[in-house]
Amino acid sequence: MIKKIFNNFLFFSFLFYLSINAIPPQKLEPDHCQKIIAFTLYNYDNLITDFYEKKQPYLKQLAFLIDQASGTPEEVIFEQLKQNPDLAIQTTPLHLMLQVNKMLKVHHAYYFVDD
Amino acid sequence: MRIILLMIKKIFLLSALLVMGLKVYAENALHPQWLNMLYYEKKGKGYESLVDSPEFFIHQRGKTSPKLEYEANFERVKKQDKDFQKRFPLRYHFLAKVHDLKIKNEVQQNQKTFESVILAYPNQHLSSPTSMFGHLFLILKSQKGYLDSSIYHYLAEPEGANLLTFIPKGLTGYYQGQFLKEDYYKRIKFYHHLEDRRIDYYEIKLNHEAQQRLIWHIKELENISFDYYFFDENCAYFLARFLNVILNDNISNRNFFVFPAQVVNRLNQKHYLTSSMERVPQNQRFLRSYRRLNKKQKQVLMTLLQHKQDSITKDKDVLKAFIFISEYMVSNHPAQARTIWHNRIHAFQALNKMGEYKFRSPLISKPKIQKIKTKAVSIQQYTKQRQNTTLISFHPLHFIKNQDDKNIAFHQIDLLKTTVILNSKQVEGFAIKAIDIQNFQEYNRFTKLMSWRIKNQVNIKDKWQHWHSLERGWARTWQEKTLGFFLLGAAFGNQPEINMNGSRPFRFYKQFSLGLKHEWTQFKLMTSFEWQCIGKDFHYWINTQKHDESFLFKIGWQSSHNQNQILVDLKYLF
């Protein structure tokens with residue numbers, strides 16, 4: 001019985017892996033991309049500060065803009081942004097933007113800027 | 001015969017109706033709401049709109065004729081012209097309502113995207129001539145908060161303007177102004193990080209109709225330009241005119257000079273402001289931290305701003321001072337940005353480990369909305385050898401720094417001060433101090449802010465006396481209570497102060513000043529001493545002043561040309 005469940009799990013995991021890799025990441029609508037890029041580059045200082053402050057209004061707004069562009073719930077994006085240790089250590093606005101882009105590609109198969 | 005009589009009656013009735021109709025047109029065309037919506041102003045016996053864009057008017061002569069413009073607009077409303085409805089939704093609604101016409105739904109598409117409207121007043125910024133009296137803008141605050149909001153303001157952005165070019169061009173209408181809608185987060189960065197200004201925020205009470213008018217009128221003002229005049233057709237005046245339309249009230253007062261504080265006061269006086277908040281500049285927080293650092297700590301701070309470091313200091317005070325100044329430094333010295341960004345992350349991590357999680361300057365709610373004092377009257381008495389000279393002055397434009405700033409560095413703007421000079425109750429002469437601006441700010445090797453003072457005065461006593469001086473230099477503070485300064489400059493004229501003895505040749509003079517100010521916090525008193533050298537002469541004075549919200553009382557002693565005099569000064573601010 002356990003072996004059967006395990007085999008099924010392996011099979012479905014394999015299918016899931018295939019399905020994820022089968023769909024190439026989609027670029028979000030240009031208007032939304034522009035908004036996300038502008039917000040990330042303009043507010044680099046404040047976005048970084050958010051990772052080390054008690055309140056995170058800038059990360060919340062970034063999550064909201066991504067939600068508007070993709071339909072992924074704002075709360076999900078916000079948690080992913082907050083918990084991503086790579087974002088908090090980016091030392092330039094450009095690097096931070098690309099890192100957010102990479103995170104969205106990996107987790108949600110969409111992005112807002114061509115690498 | 002009866003038929004002829006009937007026809008005459010009909011013609012008479014029709015004529016009466018026509019005359020009445022024309023009269024209604026003429027009356028409505030001069031309705032304050034109509035005049036406000038199209039920015040008309042009285043000119044001679046007629047009117048002229050402040051708008052310079054011809055596309056703002058339907059009638060060819062609309063700029064100078066409210067009546068013709070009214071008729072042309074009304075024709076479009078009667079035809080239910082869809083383009084007109086979309087381009088001028090507020091005019092469409094106004095005319096349809098006045099003439100009891102059915103309102104079509106096409107214009108309802110302008111959806112409300114804000115929850116409340118906040119008036120923001122970035123205070124005076126003496127380092128920039130365009131911002132010397134502050135600025136005003138509206139924040140259309142979204143339900144999601146400030147970061148999702150827009151700002152709306154009137155702006156003339158003269159690129160590369162300095163005091164010498166901006167003032168003459170600004171006075172002659174060289175610049176064009178426009179109403180602009182921008183993302184809040186973009187514009188606020190300019191005020192927060194680049195100029196680091198103190199900003200006062202006031203919530204404006206707007207009912208549903210006013211909010212709707214605001215949305216429609218913003219649409220109407222898209223890509224519309226006006227002439228910009230520094231004194232009276234500036235950001236404050238046009239925002240007040242915009243609010244006239246929105247609030248259906250008279251907020252704007254056309255004076256010789258219109259400035260933001262007047263508009264804030266007028267809205268407050270008419271009870272449109274419901275609450276207020278302020279943002280303390282990060283620079284001020286930095287200065288407070290910086291003053292507490294010793295020499296070695298200041299050196300470490302300098303290293304953090306100039307060199308990338310992977311192993312960072314554990315000194316909490318240094319790290320906090322570094323965080324407070326970092327955004328200002330990045331904005332004003334971009335060459336250092338990469339170093340500062342790199343070190344900031346290490347500084348944040350170290351401070352988090354020490355339990356520090358608050359870095360941004362918060363918005364502080366103020367208990368009540370206070371009137372901003374912009375004028376003053378004063379009486380000064382000088383006594384020497386039992387002889388009294390009295391100066392009675394009116395200060396039509398007078399700003400001093402807020403008393404709650406907890407910072408001894410100060411600025412003062414006193415323009416067009418007009419004085420009557422009395423000697424033994426006889427009028428001895430008059431004086432006009434056109435410009436008296438003092439900007440004392442703490443110099444340090446990071447912000448490198450210089451202090452300066454500019455004066456321009458003409459006295460008419462037994463003969464004409466002039467004095468025009470400009471000084472620039474350094475100021476520093478100790479313990480937040482003492483400020484010392486050293487200024488170097490030049491002057492042109494023959495008499496520096498009204499009450500000074502003797503007269504000197506009319507020419508250029510080198511001038512330098514040394515001064516000290518100390519605040520006795522427990523008594524709310526300030527003592528000032530200044531020694532000034534003009535050419536080969538010098539004079540000095542010492543005084544102590546008591547200051548509250550509305551009154552300033554000063555008593556002092558002055559010495560020049562080996563003659564001493566006692567000064568008593570009382571100023572009322574309103």
# chains A, B, ... in the order shown; residues from 1 in each chain; ligands from 1
call {"tool": "select_by_dssp", "arguments": {"residues": "segment 192-329 of chain B", "states": "strand (DSSP E)", "output": "ChimeraX atom specification"}}
result
/B:199-204,225-227,273-279
call {"tool": "residues_around", "arguments": {"residues": "Leu319 of chain B", "least_positions_apart": "6", "cutoff": "12 Å", "atoms": "only C-alpha atoms", "output": "PDB file with N, CA, C and O atoms, in the first residue's frame"}}
result
ATOM      1  N   PHE B 286      19.144  63.267  11.756  1.00  0.00           N
ATOM      2  CA  PHE B 286      20.572  62.990  11.617  1.00  0.00           C
ATOM      3  C   PHE B 286      21.379  63.960  12.485  1.00  0.00           C
ATOM      4  O   PHE B 286      22.271  63.545  13.218  1.00  0.00           O
ATOM      5  N   SER B 289      21.457  63.066  16.081  1.00  0.00           N
ATOM      6  CA  SER B 289      22.335  61.925  16.365  1.00  0.00           C
ATOM      7  C   SER B 289      23.796  62.335  16.209  1.00  0.00           C
ATOM      8  O   SER B 289      24.641  61.972  17.019  1.00  0.00           O
ATOM      9  N   TYR B 290      24.053  63.118  15.175  1.00  0.00           N
ATOM     10  CA  TYR B 290      25.429  63.478  14.841  1.00  0.00           C
ATOM     11  C   TYR B 290      26.082  64.296  15.954  1.00  0.00           C
ATOM     12  O   TYR B 290      27.240  64.099  16.284  1.00  0.00           O
ATOM     13  N   LEU B 293      27.818  62.429  18.688  1.00  0.00           N
ATOM     14  CA  LEU B 293      28.975  61.584  18.381  1.00  0.00           C
ATOM     15  C   LEU B 293      30.273  62.286  18.764  1.00  0.00           C
ATOM     16  O   LEU B 293      30.387  63.504  18.635  1.00  0.00           O
ATOM     17  N   GLN B 297      33.894  58.650  16.564  1.00  0.00           N
ATOM     18  CA  GLN B 297      32.652  58.138  15.962  1.00  0.00           C
ATOM     19  C   GLN B 297      32.352  58.842  14.639  1.00  0.00           C
ATOM     20  O   GLN B 297      31.899  58.217  13.677  1.00  0.00           O
ATOM     21  N   LYS B 298      32.628  60.145  14.612  1.00  0.00           N
ATOM     22  CA  LYS B 298      32.386  60.906  13.371  1.00  0.00           C
ATOM     23  C   LYS B 298      33.296  60.393  12.258  1.00  0.00           C
ATOM     24  O   LYS B 298      32.893  60.344  11.088  1.00  0.00           O
ATOM     25  N   VAL B 300      34.374  57.293  11.982  1.00  0.00           N
ATOM     26  CA  VAL B 300      33.810  56.002  11.540  1.00  0.00           C
ATOM     27  C   VAL B 300      32.635  56.251  10.583  1.00  0.00           C
ATOM     28  O   VAL B 300      32.493  55.585   9.555  1.00  0.00           O
ATOM     29  N   LEU B 301      31.820  57.236  10.929  1.00  0.00           N
ATOM     30  CA  LEU B 301      30.671  57.588  10.082  1.00  0.00           C
ATOM     31  C   LEU B 301      31.142  58.023   8.691  1.00  0.00           C
ATOM     32  O   LEU B 301      30.580  57.613   7.669  1.00  0.00           O
ATOM     33  N   MET B 302      32.201  58.805   8.683  1.00  0.00           N
ATOM     34  CA  MET B 302      32.770  59.271   7.416  1.00  0.00           C
ATOM     35  C   MET B 302      33.215  58.076   6.564  1.00  0.00           C
ATOM     36  O   MET B 302      32.966  58.038   5.350  1.00  0.00           O
ATOM     37  N   THR B 303      33.851  57.109   7.218  1.00  0.00           N
ATOM     38  CA  THR B 303      34.330  55.917   6.501  1.00  0.00           C
ATOM     39  C   THR B 303      33.148  55.146   5.898  1.00  0.00           C
ATOM     40  O   THR B 303      33.223  54.662   4.778  1.00  0.00           O
ATOM     41  N   LEU B 304      32.066  55.065   6.658  1.00  0.00           N
ATOM     42  CA  LEU B 304      30.885  54.346   6.162  1.00  0.00           C
ATOM     43  C   LEU B 304      30.311  54.993   4.899  1.00  0.00           C
ATOM     44  O   LEU B 304      29.753  54.317   4.049  1.00  0.00           O
ATOM     45  N   LEU B 305      30.446  56.302   4.821  1.00  0.00           N
ATOM     46  CA  LEU B 305      29.896  57.008   3.655  1.00  0.00           C
ATOM     47  C   LEU B 305      30.841  56.988   2.457  1.00  0.00           C
ATOM     48  O   LEU B 305      30.438  57.238   1.338  1.00  0.00           O
ATOM     49  N   ILE B 312      31.396  45.593   9.643  1.00  0.00           N
ATOM     50  CA  ILE B 312      30.907  46.930   9.995  1.00  0.00           C
ATOM     51  C   ILE B 312      30.981  47.172  11.496  1.00  0.00           C
ATOM     52  O   ILE B 312      30.968  46.223  12.287  1.00  0.00           O
ATOM     53  N   THR B 313      31.055  48.453  11.865  1.00  0.00           N
ATOM     54  CA  THR B 313      31.118  48.817  13.289  1.00  0.00           C
ATOM     55  C   THR B 313      29.870  48.318  14.038  1.00  0.00           C
ATOM     56  O   THR B 313      28.801  48.155  13.443  1.00  0.00           O
ATOM     57  N   ILE B 325      21.177  59.636   7.457  1.00  0.00           N
ATOM     58  CA  ILE B 325      21.698  60.540   6.417  1.00  0.00           C
ATOM     59  C   ILE B 325      21.850  59.833   5.069  1.00  0.00           C
ATOM     60  O   ILE B 325      22.034  60.489   4.039  1.00  0.00           O
ATOM     61  N   SER B 326      21.750  58.507   5.057  1.00  0.00           N
ATOM     62  CA  SER B 326      22.121  57.770   3.841  1.00  0.00           C
ATOM     63  C   SER B 326      21.282  58.132   2.609  1.00  0.00           C
ATOM     64  O   SER B 326      21.826  58.338   1.521  1.00  0.00           O
ATOM     65  N   ILE B 340      27.304  53.569  -0.310  1.00  0.00           N
ATOM     66  CA  ILE B 340      26.312  53.745   0.767  1.00  0.00           C
ATOM     67  C   ILE B 340      25.308  52.591   0.745  1.00  0.00           C
ATOM     68  O   ILE B 340      24.971  52.033   1.790  1.00  0.00           O
ATOM     69  N   ASN B 343      26.941  49.510   2.305  1.00  0.00           N
ATOM     70  CA  ASN B 343      27.111  49.586   3.759  1.00  0.00           C
ATOM     71  C   ASN B 343      25.780  49.654   4.503  1.00  0.00           C
ATOM     72  O   ASN B 343      25.684  49.231   5.659  1.00  0.00           O
ATOM     73  N   ARG B 344      24.763  50.206   3.840  1.00  0.00           N
ATOM     74  CA  ARG B 344      23.438  50.319   4.482  1.00  0.00           C
ATOM     75  C   ARG B 344      22.889  48.945   4.871  1.00  0.00           C
ATOM     76  O   ARG B 344      22.313  48.784   5.947  1.00  0.00           O
ATOM     77  N   ILE B 345      23.078  47.966   3.975  1.00  0.00           N
ATOM     78  CA  ILE B 345      22.534  46.634   4.257  1.00  0.00           C
ATOM     79  C   ILE B 345      23.202  46.043   5.497  1.00  0.00           C
ATOM     80  O   ILE B 345      22.531  45.521   6.394  1.00  0.00           O
ATOM     81  N   HIS B 346      24.523  46.205   5.581  1.00  0.00           N
ATOM     82  CA  HIS B 346      25.235  45.716   6.778  1.00  0.00           C
ATOM     83  C   HIS B 346      24.784  46.482   8.023  1.00  0.00           C
ATOM     84  O   HIS B 346      24.644  45.904   9.099  1.00  0.00           O
ATOM     85  N   ALA B 347      24.565  47.777   7.846  1.00  0.00           N
ATOM     86  CA  ALA B 347      24.139  48.594   8.993  1.00  0.00           C
ATOM     87  C   ALA B 347      22.756  48.165   9.478  1.00  0.00           C
ATOM     88  O   ALA B 347      22.524  48.027  10.688  1.00  0.00           O
ATOM     89  N   PHE B 348      21.846  47.918   8.545  1.00  0.00           N
ATOM     90  CA  PHE B 348      20.496  47.460   8.911  1.00  0.00           C
ATOM     91  C   PHE B 348      20.578  46.128   9.666  1.00  0.00           C
ATOM     92  O   PHE B 348      19.926  45.952  10.701  1.00  0.00           O
ATOM     93  N   GLN B 349      21.377  45.207   9.124  1.00  0.00           N
ATOM     94  CA  GLN B 349      21.480  43.879   9.748  1.00  0.00           C
ATOM     95  C   GLN B 349      22.017  44.006  11.177  1.00  0.00           C
ATOM     96  O   GLN B 349      21.496  43.388  12.106  1.00  0.00           O
ATOM     97  N   ALA B 350      23.048  44.835  11.327  1.00  0.00           N
ATOM     98  CA  ALA B 350      23.643  45.012  12.668  1.00  0.00           C
ATOM     99  C   ALA B 350      22.632  45.645  13.618  1.00  0.00           C
ATOM    100  O   ALA B 350      22.499  45.214  14.772  1.00  0.00           O
ATOM    101  N   LEU B 351      21.889  46.641  13.129  1.00  0.00           N
ATOM    102  CA  LEU B 351      20.919  47.322  14.003  1.00  0.00           C
ATOM    103  C   LEU B 351      19.760  46.396  14.367  1.00  0.00           C
ATOM    104  O   LEU B 351      19.274  46.433  15.507  1.00  0.00           O
ATOM    105  N   ASN B 352      19.327  45.569  13.438  1.00  0.00           N
ATOM    106  CA  ASN B 352      18.263  44.592  13.739  1.00  0.00           C
ATOM    107  C   ASN B 352      18.705  43.656  14.861  1.00  0.00           C
ATOM    108  O   ASN B 352      17.927  43.326  15.759  1.00  0.00           O
ATOM    109  N   MET B 354      20.575  44.375  17.203  1.00  0.00           N
ATOM    110  CA  MET B 354      20.538  45.145  18.469  1.00  0.00           C
ATOM    111  C   MET B 354      19.103  45.507  18.851  1.00  0.00           C
ATOM    112  O   MET B 354      18.871  46.268  19.782  1.00  0.00           O
ATOM    113  N   GLU B 356      16.861  47.182  16.907  1.00  0.00           N
ATOM    114  CA  GLU B 356      16.404  48.450  16.312  1.00  0.00           C
ATOM    115  C   GLU B 356      15.639  48.165  15.016  1.00  0.00           C
ATOM    116  O   GLU B 356      16.178  47.562  14.092  1.00  0.00           O
ATOM    117  N   PHE B 359      13.376  53.216  11.446  1.00  0.00           N
ATOM    118  CA  PHE B 359      14.363  54.070  10.787  1.00  0.00           C
ATOM    119  C   PHE B 359      13.744  55.257  10.065  1.00  0.00           C
ATOM    120  O   PHE B 359      14.367  56.281   9.918  1.00  0.00           O
TER     121      PHE B 359
END
call {"tool": "closest_atom_pairs", "arguments": {"of": "chain B", "to": "chain A", "cutoff": "6 Å", "atoms": "only C-alpha atoms", "output": "tab-separated table"}}
result
residue	atom	partner	partner_atom	distance
B:Trp341	CA	A:Thr91	CA	5.5
B:His342	CA	A:Thr91	CA	5.2
B:Tyr357	CA	A:Glu53	CA	4.7
B:Lys358	CA	A:Glu53	CA	5.7
call {"tool": "closest_residue", "arguments": {"among": "B:Leu206, B:Ala321, B:Met132, B:Lys82", "to": "Asp414 of chain B", "atoms": "only C-alpha atoms"}}
result
B:Met132
call {"tool": "select_by_dssp", "arguments": {"residues": "chain A", "states": "alpha helix (DSSP H)", "output": "PyMOL selection string"}}
result
chain A and resi 2-22+30-42+44-52+57-70+74-83+93-108
call {"tool": "residues_around", "arguments": {"residues": "segment 30-35 of chain A", "least_positions_apart": "6", "cutoff": "9 Å", "atoms": "only C-alpha atoms", "output": "number ranges by chain"}}
result
A: 65-66, 68-70, 111-113
call {"tool": "write_last_selection", "arguments": {"atoms": "all heavy atoms", "output": "PDB file, in the first residue's frame"}}
result
ATOM      1  N   LEU A  65       0.927  45.769  -6.870  1.00  0.00           N
ATOM      2  CA  LEU A  65       1.125  46.023  -8.308  1.00  0.00           C
ATOM      3  C   LEU A  65       1.271  44.703  -9.071  1.00  0.00           C
ATOM      4  O   LEU A  65       0.753  44.558 -10.182  1.00  0.00           O
ATOM      5  CB  LEU A  65       2.365  46.898  -8.536  1.00  0.00           C
ATOM      6  CG  LEU A  65       2.273  48.351  -8.069  1.00  0.00           C
ATOM      7  CD1 LEU A  65       3.598  49.077  -8.280  1.00  0.00           C
ATOM      8  CD2 LEU A  65       1.169  49.099  -8.804  1.00  0.00           C
ATOM      9  N   ILE A  66       1.961  43.738  -8.442  1.00  0.00           N
ATOM     10  CA  ILE A  66       2.123  42.434  -9.100  1.00  0.00           C
ATOM     11  C   ILE A  66       0.783  41.706  -9.154  1.00  0.00           C
ATOM     12  O   ILE A  66       0.438  41.087 -10.165  1.00  0.00           O
ATOM     13  CB  ILE A  66       3.222  41.601  -8.386  1.00  0.00           C
ATOM     14  CG1 ILE A  66       4.576  42.315  -8.519  1.00  0.00           C
ATOM     15  CG2 ILE A  66       3.308  40.186  -8.964  1.00  0.00           C
ATOM     16  CD1 ILE A  66       5.680  41.774  -7.644  1.00  0.00           C
ATOM     17  N   GLN A  68      -2.124  43.167  -9.342  1.00  0.00           N
ATOM     18  CA  GLN A  68      -2.895  43.825 -10.402  1.00  0.00           C
ATOM     19  C   GLN A  68      -2.501  43.315 -11.794  1.00  0.00           C
ATOM     20  O   GLN A  68      -3.326  43.208 -12.681  1.00  0.00           O
ATOM     21  CB  GLN A  68      -2.651  45.346 -10.375  1.00  0.00           C
ATOM     22  CG  GLN A  68      -3.127  46.037  -9.129  1.00  0.00           C
ATOM     23  CD  GLN A  68      -4.631  46.164  -9.098  1.00  0.00           C
ATOM     24  OE1 GLN A  68      -5.215  46.816  -9.949  1.00  0.00           O
ATOM     25  NE2 GLN A  68      -5.261  45.514  -8.150  1.00  0.00           N
ATOM     26  N   ALA A  69      -1.212  43.001 -11.928  1.00  0.00           N
ATOM     27  CA  ALA A  69      -0.709  42.577 -13.236  1.00  0.00           C
ATOM     28  C   ALA A  69      -0.977  41.104 -13.522  1.00  0.00           C
ATOM     29  O   ALA A  69      -1.194  40.717 -14.666  1.00  0.00           O
ATOM     30  CB  ALA A  69       0.788  42.844 -13.307  1.00  0.00           C
ATOM     31  N   SER A  70      -0.942  40.291 -12.455  1.00  0.00           N
ATOM     32  CA  SER A  70      -0.956  38.842 -12.685  1.00  0.00           C
ATOM     33  C   SER A  70      -2.199  38.130 -12.160  1.00  0.00           C
ATOM     34  O   SER A  70      -2.523  37.035 -12.616  1.00  0.00           O
ATOM     35  CB  SER A  70       0.260  38.225 -11.989  1.00  0.00           C
ATOM     36  OG  SER A  70       0.137  38.431 -10.585  1.00  0.00           O
ATOM     37  N   TYR A 111       6.963  37.077 -15.607  1.00  0.00           N
ATOM     38  CA  TYR A 111       8.014  38.052 -15.299  1.00  0.00           C
ATOM     39  C   TYR A 111       7.641  39.410 -15.882  1.00  0.00           C
ATOM     40  O   TYR A 111       6.687  39.523 -16.662  1.00  0.00           O
ATOM     41  CB  TYR A 111       9.369  37.566 -15.827  1.00  0.00           C
ATOM     42  CG  TYR A 111       9.446  37.450 -17.328  1.00  0.00           C
ATOM     43  CD1 TYR A 111      10.075  38.435 -18.090  1.00  0.00           C
ATOM     44  CD2 TYR A 111       8.886  36.368 -17.987  1.00  0.00           C
ATOM     45  CE1 TYR A 111      10.138  38.345 -19.468  1.00  0.00           C
ATOM     46  CE2 TYR A 111       8.942  36.270 -19.370  1.00  0.00           C
ATOM     47  CZ  TYR A 111       9.565  37.259 -20.106  1.00  0.00           C
ATOM     48  OH  TYR A 111       9.605  37.171 -21.467  1.00  0.00           O
ATOM     49  N   PHE A 112       8.392  40.453 -15.510  1.00  0.00           N
ATOM     50  CA  PHE A 112       8.050  41.798 -16.001  1.00  0.00           C
ATOM     51  C   PHE A 112       9.189  42.473 -16.744  1.00  0.00           C
ATOM     52  O   PHE A 112       9.012  43.544 -17.318  1.00  0.00           O
ATOM     53  CB  PHE A 112       7.560  42.695 -14.846  1.00  0.00           C
ATOM     54  CG  PHE A 112       8.540  42.832 -13.707  1.00  0.00           C
ATOM     55  CD1 PHE A 112       9.512  43.818 -13.724  1.00  0.00           C
ATOM     56  CD2 PHE A 112       8.490  41.967 -12.624  1.00  0.00           C
ATOM     57  CE1 PHE A 112      10.407  43.945 -12.672  1.00  0.00           C
ATOM     58  CE2 PHE A 112       9.396  42.089 -11.574  1.00  0.00           C
ATOM     59  CZ  PHE A 112      10.350  43.073 -11.598  1.00  0.00           C
ATOM     60  N   VAL A 113      10.361  41.872 -16.714  1.00  0.00           N
ATOM     61  CA  VAL A 113      11.469  42.489 -17.464  1.00  0.00           C
ATOM     62  C   VAL A 113      12.328  41.379 -18.073  1.00  0.00           C
ATOM     63  O   VAL A 113      12.588  40.357 -17.425  1.00  0.00           O
ATOM     64  CB  VAL A 113      12.291  43.457 -16.566  1.00  0.00           C
ATOM     65  CG1 VAL A 113      12.980  42.757 -15.425  1.00  0.00           C
ATOM     66  CG2 VAL A 113      13.308  44.253 -17.373  1.00  0.00           C
TER      67      VAL A 113
END
